[in-house]
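Novice: Quick one: structure below, then a few questions.
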Amino acid sequence: MYWRLATSMLGRGVPRPWLVPTGLRTGSVGCSRWEEEKSADGVKWKQLEHRGPYFVPLYEPLPDDVQFYYDGKPLKLSVATEEIATFYAKMLDHEYTTKEIFQTNFFNDWRKEMTPQEQKIIKHLDKCDFREIHKYFVDKNEARKALSKEEKQKLKEEADKIQEEYGYCILDGHREKIGNFKTEPPGLFRGRGDHPKMGMLKKRIMPEDVIINCSKDSKIPEPPVGHKWKEVRFDNTVTWLASWTENVQNSLKYIMLNPSSKLKGEKDWQKYEVARRLKDVVHKIRAQYQADWKSKEMKKRQRAVALYFIDKLALRAGNEKEEGETADTVGCCSLRVEHIKLHPKLDGQEHVVEFDFLGKDSIRYYNKVSVEKPVFKNLQLFMKNKDPGDDLFDRLNTVILNKHLQNLMNGLTAKVFRTYNASITLQEQLKALTNPEDNVAGKLLSYNRANRAVAILCNHQRSTPKTFEKSMQNLQTKIDAKKQQLEKAEQELKKAEDEFEDTKDAKAEANVQKKKKLLERLKEQLAKLNVQATDKEENKQIALGTSKLNYLDPRISIAWCKKFGVPIEKIYNKTQRAKFAWAIDMTDEDFEF
DNA sequence: AAACGCGACTCAGAAAACTCGGC
DNA sequence: GGCCGAGTTTTCTGAGTCGCGTT
């Protein structure tokens with residue numbers, strides 16, 4: 001990997017490009033010439049060449065014997081109408097289709113695409129019968145699973161060929177993997193949580209919708225035959241290869257590089273370096289916001305309390321969002337009065353704030369936190385004479401907050417606190433939990449626990465896996481069986497020892513040794529199973545992946561692996577190792593975040 | 001100056017696809 | 001030695017953050 005060289009050259013003791021300006025900037029806030037990342041006018045590449053997006057296959061009409069029924073009677077649909085019908089039919093056993101908003105949005109959008117005749121007939125969704133179409137797709141899926149080994153192999157090869165052709169680009173002379181090289185197929189929009197637009201029709205992306213970005217002197221990608229690109233541009237200040245506007249939310253979608261790429265890797269590295277710089281000033285910042293809790297200015301007080309939440313609870317910044325366009329979720333600055341309850345005393349603790357709100361992806365944040373008295377008093381003040389639907393921090397937003405943070409440290413924004421607190425927590429937890437005497441399994445449990453502490457801090461949740469109870473039971477069965485084996489082995493050892501007492505012959509002695517070994521092995525296996533069970537139970541509703549991938553400086557984990565003799569593959573799978581190649585390359589066991 | 005709207009990027013969990021160990 | 005299913009990895013695309021230009 002060519003850039004490994006580059007990164008190793010940038011390792012310890014060697015100035016890192018984006019850190020040099022910081023050093024020079026010390027004490028000279030506002031010197032924009034040295035702003036982070038702007039050193040080269042924001043140029044992201046010199047050369048970019050690619051094939052353009054891979055367009056998902058066009059719709060194939062249903063066979064004639066698969067019918068749609070309206071009001072109990074078969075009805076042949078036009079191809080366009082039928083295609084949209086299949087989107088709904090495919091989702092029939094999904095909870096989405098039971099929701100009224102989903103149904104309404106779908107039906108409205110569907111009717112828009114119908115022919116006038118169809119519009120005249122199809123007036124009510126509840127008279128539509130998609131079950132035969134649904135069954136067709138279920139069967140088709142089954143059939144695909146049942147294909148022979150050779151047929152599957154053939155499909156795999158075709159997919160590999162597409163990946164090979166469209167999945168890579170040339171960036172500054174080097175072949176890099178693309179993250180998402182396929183256009184998103186048409187379908188029904190599925191938002192998270194209570195999304196007002198769920199069920200709307202997401203239209204097919206055509207070459208005419210796509211903007212290509214590449215370098216002028218590169219081989220410009222050919223649009224599919226008979227088609228044209230919307231535009232070809234040569235903008236080297238951005239990292240995307242292609243983009244289009246998505247019709248449901250009217251937002252841009254991009255084709256970008258894979259996390260394993262140099263471009264993304266360096267950005268990731270940079271992110272952690274900013275978080276590490278926060279480490280040096282965080283004590284000062286904390287002292288400052290604590291002082292600001294008593295400020296005369298209400299705006300400052302709100303800023304100080306919000307920042308305290310962001311720091312202590314790792315809340316997200318909380319930008320405003322357009323009402324009615326998305327699910328009603330909030331972050332710190334957008335918290336409303338209804339999202340917190342104040343308890344002067346609760347469960348033996350004083351000044352308890354009870355948080356209950358929906359955050360990103362409509363994941364519930366529920367937490368009871370004992371806070372410092374001034375914070376509590378301030379919150380009472382902020383809530384005074386307000387309705388439940390009013391903003392808690394009415395004089396604050398993310399722009400004001402981030403401007404303030406920028407003054408405290410260059411490159412500092414609200415999200416840096418999440419990165420910083422996540423990484424520092426991992427480092428501290430690893431220090432506290434790792435027992436050098438443990439075997440690898442034991443150490444991995446400690447690692448997972450440290451990781452889990454971070455996931456809890458960041459509120460990374462998952463729904464309990466459908467198979468959880470069952471697999472827990474299976475594990476318990478295994479444990480019980482192992483216990484029995486162990487008991488039996490103990491008895492046999494005792495028997496062997498007695499026999500040796502009697503005979504004192506070499507054969508009996510060897511037998512004792514053999515039984516001892518067996519017992520040891522069983523004990524170890526049992527311990528391992530117990531560890532597994534604990535780990536599993538504790539992980540039931542917690543998602544470790546997000547923090548591992550996005551918040552934890554990989555160098556902490558790599559240093560830990562090296563220090564305690566844990567193979568890196570036990571912590572990071574192949575993809576993760578590719579993403580963190582920059583860190584694997586430069587980190588030794590002494591690394592400190 | 002501050003509100004706004006857009007653009008570009010990171011972060012997010014669900015679902016699909018794949019793998020691998022036990023029978 | 002192939003099949004099954006649980007566990008793991010990869011894909012997918014929606015949901016945030018934050019900066020910038022415009023008004």
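Just remember, in the structure tokens the first chain shown is A, the second B, etc., residues are 1-based per chain, and ligands are 1-based in the order shown.
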Excluding DA15 of chain C and its own-chain neighbours fewer than 3 positions away, which residues fall within 9 Å of it when counting only C-alpha atoms (C1' of nucleotides)? Please give them as number ranges by chain.

Specialist: A: 192, 360-361; B: 11-12

Novice: Give the residues of chain B that lie within 10 Å of chain A; count only C-alpha atoms (C1' of nucleotides), and format the answer as a list in words.

Specialist: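 That gives DC6, DG7, DA8, DC9, DT10, DC11, DA12, DG13 and DA14 of chain B for chain B.
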
Novice: Pick out the residues sitting within 12 Å of DC4 of chain B, and hand them over as a PDB file with N, CA, C and O atoms (P, O5', C5', C4', C3', O3' and C1' of nucleotides), in the first residue's frame; count only C-alpha atoms (C1' of nucleotides), and ignore anything fewer than 3 positions along from it in its own chain.

Specialist:
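Okay, this is what ended up in part.pdb:
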```pdb
ATOM      1  N   GLU A 320     -30.848  22.744  14.604  1.00  0.00           N
ATOM      2  CA  GLU A 320     -32.287  22.850  14.363  1.00  0.00           C
ATOM      3  C   GLU A 320     -32.624  22.068  13.108  1.00  0.00           C
ATOM      4  O   GLU A 320     -31.789  21.945  12.217  1.00  0.00           O
ATOM      5  N   LYS A 321     -33.854  21.577  13.039  1.00  0.00           N
ATOM      6  CA  LYS A 321     -34.279  20.940  11.793  1.00  0.00           C
ATOM      7  C   LYS A 321     -35.651  21.473  11.399  1.00  0.00           C
ATOM      8  O   LYS A 321     -36.384  21.984  12.227  1.00  0.00           O
ATOM      9  N   GLU A 322     -35.911  21.336  10.116  1.00  0.00           N
ATOM     10  CA  GLU A 322     -37.158  21.871   9.595  1.00  0.00           C
ATOM     11  C   GLU A 322     -38.334  21.027  10.071  1.00  0.00           C
ATOM     12  O   GLU A 322     -38.358  19.807   9.855  1.00  0.00           O
TER      13      GLU A 322
ATOM     14  P    DC C  20     -15.418  27.649   6.207  1.00  0.00           P
ATOM     15  O5'  DC C  20     -16.279  28.075   4.953  1.00  0.00           O
ATOM     16  C5'  DC C  20     -16.607  27.127   3.928  1.00  0.00           C
ATOM     17  C4'  DC C  20     -17.698  27.717   3.072  1.00  0.00           C
ATOM     18  C3'  DC C  20     -17.607  29.237   2.933  1.00  0.00           C
ATOM     19  O3'  DC C  20     -17.700  29.572   1.562  1.00  0.00           O
ATOM     20  C1'  DC C  20     -19.767  28.611   3.636  1.00  0.00           C
ATOM     21  P    DG C  21     -17.225  31.031   1.066  1.00  0.00           P
ATOM     22  O5'  DG C  21     -18.451  31.420   0.140  1.00  0.00           O
ATOM     23  C5'  DG C  21     -19.127  30.431  -0.638  1.00  0.00           C
ATOM     24  C4'  DG C  21     -20.530  30.914  -0.907  1.00  0.00           C
ATOM     25  C3'  DG C  21     -20.628  32.406  -1.235  1.00  0.00           C
ATOM     26  O3'  DG C  21     -21.558  32.552  -2.310  1.00  0.00           O
ATOM     27  C1'  DG C  21     -21.991  31.907   0.636  1.00  0.00           C
ATOM     28  P    DT C  22     -21.859  33.980  -2.924  1.00  0.00           P
ATOM     29  O5'  DT C  22     -23.323  34.259  -2.369  1.00  0.00           O
ATOM     30  C5'  DT C  22     -24.341  33.260  -2.500  1.00  0.00           C
ATOM     31  C4'  DT C  22     -25.601  33.758  -1.814  1.00  0.00           C
ATOM     32  C3'  DT C  22     -25.937  35.229  -2.073  1.00  0.00           C
ATOM     33  O3'  DT C  22     -27.297  35.288  -2.485  1.00  0.00           O
ATOM     34  C1'  DT C  22     -25.970  34.777   0.250  1.00  0.00           C
ATOM     35  P    DT C  23     -27.904  36.626  -3.097  1.00  0.00           P
ATOM     36  O5'  DT C  23     -28.885  37.097  -1.933  1.00  0.00           O
ATOM     37  C5'  DT C  23     -29.792  36.165  -1.344  1.00  0.00           C
ATOM     38  C4'  DT C  23     -30.323  36.759  -0.050  1.00  0.00           C
ATOM     39  C3'  DT C  23     -30.733  38.228  -0.160  1.00  0.00           C
ATOM     40  O3'  DT C  23     -32.031  38.375   0.395  1.00  0.00           O
ATOM     41  C1'  DT C  23     -29.328  37.912   1.709  1.00  0.00           C
TER      42       DT C  23
END
```

Novice: May I ask for the distance between atom CA of Gly226 of chain A and atom CA of Tyr54 of chain A, given in Å to one decimal place?

Specialist: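 Pair atom CA of Gly226 of chain A / atom CA of Tyr54 of chain A returns 15.4 Å.
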
Novice: Within 9 Å of His227 of chain A, counting only C-alpha atoms (C1' of nucleotides), which residues show up once you throw out same-chain ones fewer than 6 positions away? Write them as a ChimeraX atom specification, please.

Specialist: /A:206-208

Novice: For DC23 of chain B, please output as a VMD selection string all residues within 12 Å (counting only C-alpha atoms (C1' of nucleotides); exclusion window: fewer than 5 positions along the same chain).

Specialist: chain C and resid 1 to 5

Novice: Print the selection's residues with N, CA and C atoms (P, O5', C5', C4', C3', O3' and C1' of nucleotides) to a file, as a compact mmCIF listing (two decimals), in the first residue's frame.

Specialist:
```txt
# COMPACT_ATOMS: atom_id res chain seq x y z
P DG C 1 -14.61 -35.92 1.20
O5' DG C 1 -16.09 -36.25 1.65
C5' DG C 1 -17.14 -36.41 0.73
C4' DG C 1 -18.25 -35.49 1.18
C3' DG C 1 -17.99 -33.99 0.93
O3' DG C 1 -19.22 -33.41 0.57
C1' DG C 1 -18.51 -34.30 3.16
P DG C 2 -19.36 -32.60 -0.79
O5' DG C 2 -20.89 -32.15 -0.76
C5' DG C 2 -21.90 -33.13 -0.57
C4' DG C 2 -22.84 -32.68 0.53
C3' DG C 2 -23.32 -31.23 0.41
O3' DG C 2 -24.70 -31.23 0.72
C1' DG C 2 -22.47 -31.60 2.55
P DC C 3 -25.69 -30.13 0.14
O5' DC C 3 -26.75 -30.03 1.31
C5' DC C 3 -26.99 -31.14 2.20
C4' DC C 3 -27.35 -30.58 3.57
C3' DC C 3 -28.03 -29.22 3.55
O3' DC C 3 -29.17 -29.30 4.38
C1' DC C 3 -26.16 -29.18 5.01
P DC C 4 -30.28 -28.20 4.44
O5' DC C 4 -30.06 -27.62 5.89
C5' DC C 4 -30.07 -28.50 7.02
C4' DC C 4 -29.66 -27.71 8.26
C3' DC C 4 -30.32 -26.33 8.37
O3' DC C 4 -30.92 -26.26 9.66
C1' DC C 4 -27.94 -26.13 8.56
P DG C 5 -31.99 -25.13 9.97
O5' DG C 5 -31.18 -24.19 10.96
C5' DG C 5 -30.45 -24.73 12.05
C4' DG C 5 -29.43 -23.71 12.50
C3' DG C 5 -29.98 -22.28 12.60
O3' DG C 5 -29.38 -21.67 13.72
C1' DG C 5 -28.10 -22.29 11.25
```

Novice: Enter the distance from atom CA of Asn105 of chain A to atom CA of Ile255 of chain A, in Å, rounded to one decimal.

Specialist: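 Separation between atom CA of Asn105 of chain A and atom CA of Ile255 of chain A: 27.9 Å.
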
Novice: Can you pull out the residues contacting Phe580 of chain A? Cut-off 10 Å, using only C-alpha atoms (C1' of nucleotides), and skip same-chain residues under 3 positions away; I want them as a ChimeraX atom specification.

Specialist: /A:259-261,265-266,268-269,549,553-555,558,572,574-577,583-585

Novice: Taking the DSSP secondary structure from the backbone, can you list the residues of segment 321-546 of chain A that are alpha helix (DSSP H), as number ranges by chain?

Specialist: A: 373-383, 398-408, 414-433, 440-457, 468-503, 506-538, 545-546

Novice: Between atom CA of Ala559 of chain A and atom CA of Glu592 of chain A, measure the distance and give it in Å to one decimal.

Specialist: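 Atom-to-atom, atom CA of Ala559 of chain A and atom CA of Glu592 of chain A are spaced 8.2 Å apart.
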
Novice: With DSSP run on the backbone, what are the strand (DSSP E or B) residues within segment 340-539 of chain A? I'd like them as a list in words.

Specialist: Ile340, Lys341, Leu342, His343, Pro344, Lys345, Leu346, Gln349, Glu350, His351, Val352, Val353, Glu354, Phe355, Asp356, Phe357, Leu358, Arg364, Tyr365, Tyr366, Asn367, Lys368, Val369, Ser370, Asp391 and Gln461 of chain A

Novice: Which residue out of A:Lys228, A:Lys548, A:Arg303, A:Arg190 has the minimum interatomic distance to chain C when only C-alpha atoms (C1' of nucleotides) are used?

Specialist: A:Arg190

Novice: Please, which residues of chain C lie no more than 10 Å from chain A when the count uses only C-alpha atoms (C1' of nucleotides), and can they be set out as a list in words?

Specialist: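 Per the criterion, chain C yields DA6, DG7, DT8, DT9, DT10, DT11, DC12, DT13, DG14, DA15, DG16, DT17 and DC18 of chain C.
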
Novice: Write the residues of the preceding selection, restricted to N, CA and C atoms (P, O5', C5', C4', C3', O3' and C1' of nucleotides), as a compact mmCIF listing (two decimals), in the first residue's frame.

Specialist:
```txt
# COMPACT_ATOMS: atom_id res chain seq x y z
P DA C 6 -30.23 -20.96 14.83
O5' DA C 6 -29.08 -20.38 15.78
C5' DA C 6 -28.01 -21.24 16.18
C4' DA C 6 -26.70 -20.50 16.10
C3' DA C 6 -26.78 -19.05 16.58
O3' DA C 6 -25.68 -18.85 17.46
C1' DA C 6 -25.86 -19.12 14.39
P DG C 7 -25.40 -17.50 18.19
O5' DG C 7 -24.22 -16.91 17.30
C5' DG C 7 -23.05 -17.69 17.11
C4' DG C 7 -22.14 -16.94 16.17
C3' DG C 7 -21.94 -15.47 16.53
O3' DG C 7 -20.54 -15.22 16.50
C1' DG C 7 -22.63 -15.66 14.28
P DT C 8 -19.89 -13.82 16.74
O5' DT C 8 -19.55 -13.35 15.26
C5' DT C 8 -18.69 -14.16 14.44
C4' DT C 8 -18.54 -13.48 13.11
C3' DT C 8 -18.15 -12.00 13.19
O3' DT C 8 -16.99 -11.86 12.38
C1' DT C 8 -20.02 -12.28 11.76
P DT C 9 -16.28 -10.49 12.14
O5' DT C 9 -16.85 -10.13 10.70
C5' DT C 9 -16.64 -11.03 9.61
C4' DT C 9 -17.26 -10.44 8.37
C3' DT C 9 -16.81 -9.01 8.07
O3' DT C 9 -16.38 -9.04 6.71
C1' DT C 9 -19.18 -9.14 8.04
P DT C 10 -15.90 -7.77 5.94
O5' DT C 10 -17.24 -7.36 5.18
C5' DT C 10 -17.82 -8.27 4.26
C4' DT C 10 -19.01 -7.60 3.62
C3' DT C 10 -18.71 -6.19 3.11
O3' DT C 10 -19.10 -6.17 1.74
C1' DT C 10 -20.66 -6.19 4.49
P DT C 11 -19.16 -4.85 0.88
O5' DT C 11 -20.70 -4.50 1.01
C5' DT C 11 -21.68 -5.50 0.69
C4' DT C 11 -23.05 -4.89 0.83
C3' DT C 11 -23.23 -3.56 0.12
O3' DT C 11 -24.45 -3.68 -0.59
C1' DT C 11 -23.90 -3.35 2.38
P DC C 12 -24.92 -2.60 -1.65
O5' DC C 12 -25.93 -1.73 -0.77
C5' DC C 12 -27.09 -2.37 -0.24
C4' DC C 12 -27.73 -1.41 0.71
C3' DC C 12 -27.88 0.01 0.14
O3' DC C 12 -29.26 0.25 -0.01
C1' DC C 12 -27.16 0.02 2.41
P DT C 13 -29.78 1.30 -1.03
O5' DT C 13 -30.03 2.54 -0.06
C5' DT C 13 -31.00 2.43 0.96
C4' DT C 13 -30.74 3.48 1.99
C3' DT C 13 -30.60 4.91 1.41
O3' DT C 13 -31.24 5.78 2.30
C1' DT C 13 -28.87 4.47 2.82
P DG C 14 -32.57 6.55 1.87
O5' DG C 14 -33.06 7.02 3.31
C5' DG C 14 -33.34 6.06 4.32
C4' DG C 14 -32.90 6.58 5.67
C3' DG C 14 -33.19 8.05 5.92
O3' DG C 14 -33.62 8.13 7.26
C1' DG C 14 -30.87 7.65 6.21
P DA C 15 -33.99 9.46 7.98
O5' DA C 15 -32.67 9.80 8.78
C5' DA C 15 -32.32 9.04 9.92
C4' DA C 15 -31.28 9.79 10.70
C3' DA C 15 -31.61 11.26 10.93
O3' DA C 15 -31.14 11.57 12.22
C1' DA C 15 -29.57 11.12 9.78
P DG C 16 -31.74 12.73 13.10
O5' DG C 16 -30.43 13.26 13.83
C5' DG C 16 -29.73 14.34 13.31
C4' DG C 16 -28.25 14.09 13.42
C3' DG C 16 -27.46 15.38 13.46
O3' DG C 16 -27.03 15.62 14.77
C1' DG C 16 -26.62 13.94 11.75
P DT C 17 -26.54 17.03 15.19
O5' DT C 17 -25.12 17.17 14.46
C5' DT C 17 -24.01 16.37 14.86
C4' DT C 17 -22.78 16.85 14.12
C3' DT C 17 -22.47 18.33 14.33
O3' DT C 17 -21.08 18.44 14.64
C1' DT C 17 -22.65 17.87 12.01
P DC C 18 -20.50 19.79 15.24
O5' DC C 18 -20.12 20.59 13.92
C5' DC C 18 -19.12 20.07 13.06
C4' DC C 18 -19.06 20.90 11.81
C3' DC C 18 -19.07 22.42 12.04
O3' DC C 18 -18.02 22.96 11.28
C1' DC C 18 -20.62 21.84 10.40
```

Novice: Looking at only C-alpha atoms, which of A:Glu524, A:Ala287, A:Val66, A:Gln541 is the one that sits closest to Asp139 of chain A?

Specialist: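 Among the listed residues, A:Val66 lies closest to Asp139 of chain A.
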
Novice: Taking 6 positions as the minimum chain separation for residues in the same chain, which residues sit within 12 Å of segment 79-82 of chain A when counting only C-alpha atoms (C1' of nucleotides)? Answer as number ranges by chain.

Specialist: A: 58-64, 66-69, 88-89, 107, 109-119, 122, 130, 133, 186, 201, 203-204

Novice: Would you write out those residues with N, CA, C and O atoms, as a tab-separated table (two decimals), in the first residue's frame?

Specialist:
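Result went into result_31.tsv, see below:
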```
chain	number	residue	atom	x	y	z
A	58	LEU	N	-32.61	-2.37	-14.75
A	58	LEU	CA	-33.96	-1.84	-14.97
A	58	LEU	C	-35.00	-2.84	-14.50
A	58	LEU	O	-34.69	-4.02	-14.28
A	59	TYR	N	-36.20	-2.35	-14.38
A	59	TYR	CA	-37.29	-3.20	-13.88
A	59	TYR	C	-37.66	-4.28	-14.90
A	59	TYR	O	-37.76	-4.01	-16.10
A	60	GLU	N	-37.87	-5.48	-14.39
A	60	GLU	CA	-38.36	-6.57	-15.24
A	60	GLU	C	-39.81	-6.85	-14.90
A	60	GLU	O	-40.11	-7.21	-13.77
A	61	PRO	N	-40.71	-6.68	-15.87
A	61	PRO	CA	-42.13	-6.88	-15.59
A	61	PRO	C	-42.42	-8.28	-15.05
A	61	PRO	O	-41.69	-9.23	-15.34
A	62	LEU	N	-43.49	-8.37	-14.29
A	62	LEU	CA	-43.88	-9.66	-13.70
A	62	LEU	C	-44.34	-10.62	-14.80
A	62	LEU	O	-44.87	-10.19	-15.83
A	63	PRO	N	-44.16	-11.92	-14.56
A	63	PRO	CA	-44.74	-12.89	-15.50
A	63	PRO	C	-46.27	-12.76	-15.49
A	63	PRO	O	-46.84	-12.28	-14.50
A	64	ASP	N	-46.91	-13.18	-16.59
A	64	ASP	CA	-48.35	-12.96	-16.74
A	64	ASP	C	-49.20	-13.65	-15.68
A	64	ASP	O	-50.29	-13.20	-15.36
A	66	VAL	N	-48.62	-13.84	-12.59
A	66	VAL	CA	-48.58	-13.18	-11.27
A	66	VAL	C	-49.42	-11.92	-11.37
A	66	VAL	O	-49.10	-11.00	-12.12
A	67	GLN	N	-50.50	-11.91	-10.60
A	67	GLN	CA	-51.47	-10.83	-10.80
A	67	GLN	C	-51.66	-9.93	-9.60
A	67	GLN	O	-51.51	-10.33	-8.45
A	68	PHE	N	-52.03	-8.73	-9.96
A	68	PHE	CA	-52.48	-7.76	-8.96
A	68	PHE	C	-54.00	-7.79	-8.97
A	68	PHE	O	-54.62	-7.96	-10.03
A	69	TYR	N	-54.60	-7.68	-7.81
A	69	TYR	CA	-56.07	-7.69	-7.74
A	69	TYR	C	-56.57	-6.40	-7.14
A	69	TYR	O	-56.03	-5.91	-6.14
A	88	TYR	N	-44.14	-2.02	-2.92
A	88	TYR	CA	-45.01	-2.19	-1.75
A	88	TYR	C	-45.18	-3.67	-1.43
A	88	TYR	O	-45.09	-4.09	-0.28
A	89	ALA	N	-45.40	-4.45	-2.48
A	89	ALA	CA	-45.64	-5.88	-2.30
A	89	ALA	C	-44.47	-6.56	-1.59
A	89	ALA	O	-44.66	-7.39	-0.71
A	107	PHE	N	-49.57	5.56	-1.28
A	107	PHE	CA	-50.72	5.58	-2.19
A	107	PHE	C	-50.77	6.88	-3.00
A	107	PHE	O	-51.04	6.86	-4.20
A	109	ASP	N	-48.21	8.83	-3.82
A	109	ASP	CA	-47.15	8.83	-4.83
A	109	ASP	C	-47.43	7.82	-5.93
A	109	ASP	O	-47.11	8.05	-7.09
A	110	TRP	N	-48.00	6.72	-5.55
A	110	TRP	CA	-48.30	5.68	-6.53
A	110	TRP	C	-49.32	6.19	-7.54
A	110	TRP	O	-49.15	6.07	-8.75
A	111	ARG	N	-50.36	6.80	-7.02
A	111	ARG	CA	-51.42	7.31	-7.90
A	111	ARG	C	-50.89	8.33	-8.91
A	111	ARG	O	-51.33	8.38	-10.06
A	112	LYS	N	-49.91	9.11	-8.46
A	112	LYS	CA	-49.31	10.10	-9.37
A	112	LYS	C	-48.70	9.45	-10.60
A	112	LYS	O	-48.62	10.07	-11.67
A	113	GLU	N	-48.22	8.24	-10.45
A	113	GLU	CA	-47.52	7.58	-11.55
A	113	GLU	C	-48.44	6.71	-12.40
A	113	GLU	O	-48.01	6.09	-13.36
A	114	MET	N	-49.72	6.61	-11.99
A	114	MET	CA	-50.64	5.74	-12.72
A	114	MET	C	-51.12	6.39	-14.01
A	114	MET	O	-51.10	7.62	-14.14
A	115	THR	N	-51.58	5.56	-14.94
A	115	THR	CA	-52.23	6.09	-16.13
A	115	THR	C	-53.60	6.61	-15.71
A	115	THR	O	-54.12	6.20	-14.67
A	116	PRO	N	-54.18	7.51	-16.51
A	116	PRO	CA	-55.51	8.04	-16.15
A	116	PRO	C	-56.53	6.94	-15.89
A	116	PRO	O	-57.33	7.04	-14.95
A	117	GLN	N	-56.48	5.89	-16.72
A	117	GLN	CA	-57.44	4.79	-16.53
A	117	GLN	C	-57.23	4.14	-15.17
A	117	GLN	O	-58.18	3.84	-14.45
A	118	GLU	N	-55.96	3.89	-14.85
A	118	GLU	CA	-55.66	3.25	-13.57
A	118	GLU	C	-56.14	4.14	-12.40
A	118	GLU	O	-56.69	3.66	-11.43
A	119	GLN	N	-55.91	5.43	-12.58
A	119	GLN	CA	-56.34	6.36	-11.54
A	119	GLN	C	-57.83	6.28	-11.30
A	119	GLN	O	-58.30	6.43	-10.18
A	122	ILE	N	-58.22	2.59	-9.45
A	122	ILE	CA	-57.57	2.35	-8.15
A	122	ILE	C	-57.72	3.57	-7.25
A	122	ILE	O	-56.96	4.53	-7.37
A	130	PHE	N	-51.92	-7.25	-2.98
A	130	PHE	CA	-50.56	-7.46	-3.50
A	130	PHE	C	-50.03	-8.85	-3.16
A	130	PHE	O	-48.86	-9.13	-3.39
A	133	ILE	N	-48.20	-10.99	-5.73
A	133	ILE	CA	-46.90	-10.40	-6.10
A	133	ILE	C	-45.89	-10.64	-4.98
A	133	ILE	O	-44.74	-11.00	-5.23
A	186	PRO	N	-34.57	2.24	-7.08
A	186	PRO	CA	-35.82	2.88	-6.70
A	186	PRO	C	-36.54	2.02	-5.67
A	186	PRO	O	-36.28	0.83	-5.57
A	201	LEU	N	-42.38	7.53	-2.70
A	201	LEU	CA	-41.66	6.87	-3.79
A	201	LEU	C	-40.29	7.49	-4.00
A	201	LEU	O	-40.16	8.68	-4.21
A	203	LYS	N	-37.45	7.67	-6.52
A	203	LYS	CA	-37.40	7.41	-7.95
A	203	LYS	C	-36.08	6.83	-8.42
A	203	LYS	O	-35.06	6.97	-7.75
A	204	ARG	N	-36.14	6.20	-9.55
A	204	ARG	CA	-34.95	5.61	-10.16
A	204	ARG	C	-33.98	6.70	-10.59
A	204	ARG	O	-34.38	7.71	-11.16
```

Novice: Check the smallest atom-to-atom distance from each of A:Thr104, A:Asn459, A:Ser78, A:Gln47 to Ser218 of chain A using only C-alpha atoms, then report the winner.

Specialist: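 Using only C-alpha atoms, the shortest distance to Ser218 of chain A belongs to A:Gln47.
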